[in-house]
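Structure, as structure tokens:
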Amino acid sequence: MATAFGASEREEIRSSLRRAAWQHACTEGMKNTSVDQLSAEAGISKGAFYHFYRSKELLFLEVLSVWHQQIFTRVEAFMSSHADLPADTLARESLKTALGLLLYPPAARFILTERDVLLRRVSPEAREQLYRSDGEIVKTLIDMCGVKLNIPMDTAVGIVMVLLLSALHAAEIGPAYDSVIHALIDSACTQFIGE
């Protein structure tokens, strides 16, 4: 007989599943992660997993959506806590913060290598509800930060996409990756943020 979960227990299990999926997304990836692994880490049976998510892909898509929302929340918090900065400095530093979060190598690698498979395996309704393209995310971040561009938005998005692709080579760049990517973000912002 199946065990009924209470509301708080259901939310804790969902949180555990999301944490496990995020960890796997950032290490071995979705394709190399099984429902058995995710279930075990959340302390539930494989059968119970399907009471929470119709598929592991839907779980990973939700995790991607939550990660994007966390980036927006952290940028808003940065902007609130640095509201005393001059407007142009606040915009520039907010965007640099946003890009630094977006370019987190393990997450960027997951997005770049598994996003297409993930999107093919979920329903159009789930894609519509949970997925925003990289371009949409970057445009939203630029708008949130109040950055005035001196180049077309599509060019700015393209620059960020090139930076995002660099995350695939973080291991080859080695320990200097963080300082390299921050230097590139700073340089990119100098190039496309208007005065």
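Scheme for the structure tokens: letters A, B, ... for chains in order shown; per-chain residue numbers from 1; ligand numbers from 1 in order shown.
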Exercise for review: Pick out the residues sitting within 10 Å of Asp186 in chain A, and hand them over as a list of chain:residue names; count only C-alpha atoms, and ignore anything fewer than 2 positions along from it in its own chain.
Suggested key: A:Arg92, A:Glu93, A:Leu95, A:Lys96, A:Leu99, A:Val180, A:Ile181, A:His182, A:Ala183, A:Leu184, A:Ala188, A:Cys189, A:Thr190, A:Gln191
Check your understanding: Quick one: residues within 9 Å of Leu61 in chain A, only C-alpha atoms counted, chain neighbours fewer than 5 positions away excluded, as a VMD selection string?
Key -> chain A and resid 56 66 115 118 to 119 122 126 to 127 130 to 131
Practice item. Using backbone DSSP assignments, extract all alpha helix (DSSP H) residues from range 67-122 of chain A; output them as a PyMOL selection string. Key: chain A and resi 67-81+87-102+105-120
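The list of residues with at least one atom within 7 Å of Leu90 in chain A, based on only C-alpha atoms and without residues fewer than 5 positions apart in the same chain, reads Met79, His82 and Leu85 of chain A.
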How about saving the chosen residues, N, CA and C atoms kept, as a compact mmCIF listing (two decimals), in the first residue's frame?
```
# COMPACT_ATOMS: atom_id res chain seq x y z
N MET A 79 21.15 44.89 -6.12
CA MET A 79 20.75 46.26 -6.46
C MET A 79 20.19 46.99 -5.24
N HIS A 82 22.98 47.94 -2.79
CA HIS A 82 23.96 48.89 -3.32
C HIS A 82 23.27 50.11 -3.95
N LEU A 85 24.95 53.54 -4.83
CA LEU A 85 25.90 53.74 -5.93
C LEU A 85 25.29 54.66 -6.99
```
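Distances to Val157 in chain A were evaluated for A:Pro124, A:Gly6, A:Gly135, A:Gly174 using only C-alpha atoms, and the minimum falls at A:Gly135.
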Exercise for review: Can you work out which one of A:Val75, A:Ala107, A:Ala40, A:Val138 has the shortest atom-to-atom distance to Ala20 in chain A, counting only C-alpha atoms?
Suggested key: A:Ala40
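Closest to His68 in chain A among A:Leu141, A:Ile13, A:Ala42, A:Ala7 is A:Leu141, based on only C-alpha atoms.
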